[in-house]
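What follows is a set of notes on a single structure, which appears directly below.
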Amino acid sequence: MNGPTKTIISKITKLLLAPKTKTTPYQSLLKHYGATQSLTRTKQLHAHLVTSGLLSTGIRSVLVVTYANCGYVHNARKLFDELPQRGTLLYNFMIKMYIAKGGCFEAMKVFLEMLRSKGCCPDNYTYPFVIKASSELLLIEYGRVLHGLTLVSNFGSHLFVLNSLLAMYMNCGEVEEARKVFDAMKEKSVVSWNTMINGYFKNGFANTALAVFNQMVGSGVEIDGASVVSVLPACGFLKELEAGRRVHGLVEEKVLGKKIVSNALVDMYAKCGGLDEARLVFDNMVERDVVSWTSMINGYILNGDKKSALSLFKIMQIEGLRPSSVTITLILLACASLNNLKDGRCVHGWVMKQRLDSEVAIETSLIDMYAKCNCLSLSFSVFTRTSRKKTVPWNAMLSGCVHNKLATEAIGLFKKMLVEGVEINAATCNSLLPAYGIIADLQPVNNINSYLMRSGFVSNVQVATSLIDIYSKSGSLESAHKIFNTIPVDFQDIFVWSIIIAGYGMHGHGETAVSLFKQMVQAGVKPNDVTFTSVLQSCSHAGLVDDGFYLFKFMLKDHQTTPNDDHYTCMVDMLGRAGRMDEAYDLIKTMPFIPGHAVWGALLGACVIHENVELGEVAAKWLFELEPDNTGNYVLLAKLYAALGRWEDAENVRHRMDDIGLRKAPAHSLIELLFMEEPIATLIFKKLASSSGREISVLECLDSICLRDLPYRASRIT
DNA sequence: GTAGGGTTAG
């Protein structure tokens, strides 16, 4: 017999000896039940097969697959265990079932059984499943072993296997390893590229994600919907409106007009500040789901238009869409920042009816909303109904107390957290720490500091930043600076620098503030609006006019930072305090935008100090127009007149207030008006003293003007 | 029968 004949004969023999694989009607029926996930019918047929004694091994195998497809783990497992022999296919189905049910650990166990079994090897279907399981369990070491197994079992170059390895490495944060696998791939599919784009973004490399997408398009790979949905969040995060627009162009060109793609576009435009374009995509959608509406609502919130967010939410409900917990979270956020208790309570009512009020995210948002609307008792009543084990509602409650200036309560709550064994995280510390800034007492700050040291939370830069802030607010710049020095240079970000600079500024150490600012710039940290405000304020408080001017010019020239209202206010305040009134006014005149009330307020304040009526009247004129309801401005102008003895003009200011209804009760005298403000009381005190020609005690003066909180005010005035 | 995809938050 020659070779070919031998082969043919062996093939025929194999076919004859092989078990008949003809599908019986029962098997076809079970396959149909599996495909349609008809569990009840499967159970009925199973019972029938048992009673009629038809439960052959072949049928049992099919039953395992059917139960697995229906997701009925118990029966699948039972029948699977009873089988005398199990093939790769059956193992694969069991693994797939466990993963679909979220039982990744069980899936891994089945895989181990498979490896231990004789004559049954994992195949190109098994590996993607188990790699996914180890990925979801974040078992990177396991994943590496699997990677090794694929290499020794010749599946190391299988496209699906490699793609699942890419996803696994990315999901476990092993970006470099994913890259190595990707670069070594001889054949790449659109899924490989998409996995890389998505993986880079999720691991914080938004720029690389965008670059990989561009490379993909550049090398002629046909993109699909998933490519777009993976790259758009990166554009949104980077606020790369132009890049986002180009992606949008590709979407139109390739007709990738799926709902999910449009949703991603809405989100991208919203995050890039292209609200009109977001709305255009939203309006042109044929069909919108909750995510579409939620993304659009979020767009309005991100762009500061919370009122439109609320009205869109109402339209959404009229259109019959049920908000998700994400939508609710956002709406409560909008209500919180609008101080809109009425709508917030409505949403709360709806949430209760829908029985969504026990979702942690929603509970937390409710606590936050009530706190921001200054209804802390309602926050507490939501809080007491929570399960109290999760950290986030506690954090929201802490922030709520701090927002309402209830520092002692916040600290009390924190102690309770420790007693009740609630997990403390960095966010807890960040919510709590500002409470110590309110108390501004060194002893409690030292206590919390030692806790943060022991627990290791100080190594969190945000926590350390807060700690620096509360130390400087409590008067210990030395401790603040010590903590600043413990932060590794690479982690000294713009926030830490701003806080320490502001700390020195706050205590009048303008020179140190300026020198720290220079150190920061030297260290390569680019100053932002806030740092400039801090350092300019420091100069202003310390009277460092020249330094202030230098920094202001530095901001204009070297950093192309456009000064904002705050910066001009600092400058005007600084020049004004130094008596350089005309320069202050000239600066205002050169402002590239319309000056706000703060700038004019600073000028008026300076005019009062230096008794400059001419400019004071100019400033007041603007202020009365910009904020006609602010009584403080009227008082300041009256004070200015009073200081110069121009009582008639001062009296006119009072009339002006009466005319616009700012003072409901009739005033008997100018003095009464002037006493409304504490600095004016000081002035009156001086006037009384000089007119009577003798020393007048503060208490005597205060007594005569019946101010409340005497001891407090007396200490402030002396 | 296998791989990749969207909105929020403390």
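Chain labels A, B, ... are given in the sequence in which chains occur in the structure tokens; within each chain residues are numbered consecutively from 1, and ligands are likewise numbered from 1 in the order shown.
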Report task. Identify, on the basis of only C-alpha atoms (C1' of nucleotides), every residue whose closest approach to Leu330 of chain A does not exceed 7 Å; exclude the query and any residue fewer than 4 positions from it along the same chain; express the result as a PyMOL selection string. Result -> (chain A and resi 298+326+334) or (chain B and resi 8)
Keeping only N, CA and C atoms (P, O5', C5', C4', C3', O3' and C1' of nucleotides), write the selected residues as a short mmCIF file (atom, residue, chain, number, x, y, z; two decimals), in the first residue's frame.
data_model
loop_
_atom_site.label_atom_id
_atom_site.label_comp_id
_atom_site.auth_asym_id
_atom_site.auth_seq_id
_atom_site.Cartn_x
_atom_site.Cartn_y
_atom_site.Cartn_z
N ASN A 298 -25.92 67.28 30.59
CA ASN A 298 -24.58 67.47 31.15
C ASN A 298 -23.84 68.58 30.41
N VAL A 326 -27.98 58.46 36.53
CA VAL A 326 -26.99 59.45 36.10
C VAL A 326 -27.69 60.80 35.85
N ALA A 334 -27.34 70.40 39.36
CA ALA A 334 -27.78 71.69 38.82
C ALA A 334 -28.62 72.43 39.86
P DT B 8 -19.64 62.03 32.03
"O5'" DT B 8 -20.43 62.03 33.39
"C5'" DT B 8 -21.41 63.03 33.66
"C4'" DT B 8 -21.95 62.80 35.04
"C3'" DT B 8 -20.90 62.78 36.12
"O3'" DT B 8 -20.78 64.08 36.65
"C1'" DT B 8 -22.51 61.04 36.43
#
Query - Residue contacts of segment 363-369 of chain A (6 Å, only C-alpha atoms (C1' of nucleotides)) excluding same-chain residues fewer than 2 positions away, as an MDAnalysis selection string - result: chainID A and resid 329 332 336 360:361 371:372 379 393 396
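Contacts from chain A to chain B at a cut-off of 6 Å (only C-alpha atoms (C1' of nucleotides)) map to A:Tyr125, A:Pro128, A:Phe160, A:Asn163, A:Ser164, A:Val191, A:Asn194, A:Thr195, A:Ala226, A:Val229, A:Ile260, A:Ala264, A:Val291, A:Thr294, A:Ser295, A:Val326, A:Val392.
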Requested in this report: With a distance cut-off of 7 Å and only C-alpha atoms (C1' of nucleotides), select the neighbouring residues of segment 420-425 of chain A, excluding the residue or stretch itself and same-chain residues fewer than 3 positions from it, and output the selection as an MDAnalysis selection string.
Outcome: chainID A and resid 389:391 416:417 428:429
If you keep N, CA, C and O atoms, can you produce a file of those selected residues as a PDB file, in the first residue's frame?
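Below is the file again-v3.pdb, written as the result:
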ATOM      1  N   LYS A 389     -22.962  52.374  55.580  1.00  0.00           N
ATOM      2  CA  LYS A 389     -21.696  51.632  55.514  1.00  0.00           C
ATOM      3  C   LYS A 389     -20.813  52.219  54.422  1.00  0.00           C
ATOM      4  O   LYS A 389     -19.609  52.191  54.513  1.00  0.00           O
ATOM      5  N   LYS A 390     -21.447  52.731  53.374  1.00  0.00           N
ATOM      6  CA  LYS A 390     -20.670  53.251  52.250  1.00  0.00           C
ATOM      7  C   LYS A 390     -20.045  54.600  52.622  1.00  0.00           C
ATOM      8  O   LYS A 390     -20.649  55.406  53.339  1.00  0.00           O
ATOM      9  N   THR A 391     -18.872  54.815  52.112  1.00  0.00           N
ATOM     10  CA  THR A 391     -18.127  56.022  52.464  1.00  0.00           C
ATOM     11  C   THR A 391     -18.731  57.295  51.847  1.00  0.00           C
ATOM     12  O   THR A 391     -18.768  58.341  52.504  1.00  0.00           O
ATOM     13  N   LYS A 416     -17.308  59.852  64.320  1.00  0.00           N
ATOM     14  CA  LYS A 416     -18.310  58.778  64.279  1.00  0.00           C
ATOM     15  C   LYS A 416     -17.956  57.748  63.205  1.00  0.00           C
ATOM     16  O   LYS A 416     -18.145  56.553  63.391  1.00  0.00           O
ATOM     17  N   MET A 417     -17.464  58.270  62.081  1.00  0.00           N
ATOM     18  CA  MET A 417     -17.058  57.355  61.000  1.00  0.00           C
ATOM     19  C   MET A 417     -16.007  56.377  61.502  1.00  0.00           C
ATOM     20  O   MET A 417     -16.067  55.185  61.217  1.00  0.00           O
ATOM     21  N   THR A 428     -12.648  61.603  51.772  1.00  0.00           N
ATOM     22  CA  THR A 428     -13.148  61.917  53.109  1.00  0.00           C
ATOM     23  C   THR A 428     -12.297  63.034  53.726  1.00  0.00           C
ATOM     24  O   THR A 428     -12.823  64.021  54.252  1.00  0.00           O
ATOM     25  N   CYS A 429     -10.977  62.833  53.628  1.00  0.00           N
ATOM     26  CA  CYS A 429     -10.065  63.829  54.206  1.00  0.00           C
ATOM     27  C   CYS A 429     -10.252  65.181  53.529  1.00  0.00           C
ATOM     28  O   CYS A 429     -10.290  66.219  54.186  1.00  0.00           O
TER      29      CYS A 429
END
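Put simply, atom CA of Gln27 of chain A is 23.3 Å away from atom CA of Ala100 of chain A.
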Requested in this report: Write down as JSON, numbers by chain the residues belonging to segment 550-579 of chain A that are assigned alpha helix (DSSP H) by DSSP computed on the backbone.
Outcome: {"A": [550, 551, 552, 553, 554, 555, 556, 557, 558, 565, 566, 567, 568, 569, 570, 571, 572, 573, 574, 575, 576, 577]}
**Report entry** Best match for closeness to Asn430 of chain A among A:Met285, A:Leu467, A:Met453, A:Leu406, counting only C-alpha atoms
**Finding:** A:Leu467
Query raised in the report: Within 7 Å of segment 203-213 of chain A, counting only C-alpha atoms (C1' of nucleotides), which residues qualify if same-chain residues fewer than 6 places away don't, as a PyMOL selection string?
Result: chain A and resi 173+197+231+234
